[in-house]
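Each remark here refers to the structure printed beneath this line.
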Amino acid sequence: MDLRPHEWIQTVRQEYLQRFVGQGGAAVKFVVAPGDRDRELVQDHLLSLSQEEQFTFVSVDAKDTKVHMMDKFFYEVAKKIQWDGLAAQFVRRLLQDNGYQVPTPSKDVRWLRLPD
């Protein structure tokens, strides 16, 4: 199947991010580009797409790590993720969904339950 880059990006958006991953699935995609310019273009599109769909985007280059070794690949991905920010975002959303009023991030945070 021959897809143009914009068609492939739309397929990733619809089939993976909005449907499969959006319903609780998980996916890892590998992109092999013919050159640096193409790789950068795809990377920019995927970063933009992930931001629009509110997903975390991580890029790992085979030049920088041994992607054929799963532990090295996993470590490289894990060290690029902002774990503290994601955990704070998750807790904030969980509290809001359960009726708590959540102030903007600060050192002195007090949690208040909203009336029903």
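Starting from 1 in every chain, residues are counted up; chains themselves are A, B, ... following the order of the structure tokens, and ligands are numbered from 1 as listed.
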Inset, instruction - Write out as a ChimeraX atom specification which residues come within 10 Å of segment 29-38 of chain A when counting only C-alpha atoms, dropping same-chain ones fewer than 2 positions away. - result: /A:5,12,16,27,40-44,59-61
Inset, instruction - Can you check which residues of segment 19-108 of chain A DSSP gives as alpha helix (DSSP H) on the backbone and send them as a VMD selection string? - result: chain A and resid 36 to 52 70 to 80 83 to 97
Inset, instruction - List every residue of chain A that DSSP, applied to the backbone of this structure, assigns to strand (DSSP E), and report them as a PyMOL selection string. - result: chain A and resi 100-101+112-113
Written selection (N, CA and C atoms) as a compact mmCIF listing (two decimals), in the first residue's frame:
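Once written, result_29.txt looks like this:
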```txt
# COMPACT_ATOMS: atom_id res chain seq x y z
N TYR A 100 -13.11 18.13 42.89
CA TYR A 100 -12.22 19.00 43.64
C TYR A 100 -11.85 20.22 42.79
N GLN A 101 -11.77 21.35 43.44
CA GLN A 101 -11.33 22.57 42.77
C GLN A 101 -9.80 22.57 42.85
N LEU A 112 -9.98 21.74 47.89
CA LEU A 112 -11.33 21.98 48.37
C LEU A 112 -12.31 21.16 47.54
N ARG A 113 -13.25 20.52 48.22
CA ARG A 113 -14.29 19.75 47.49
C ARG A 113 -15.41 20.70 47.10
```
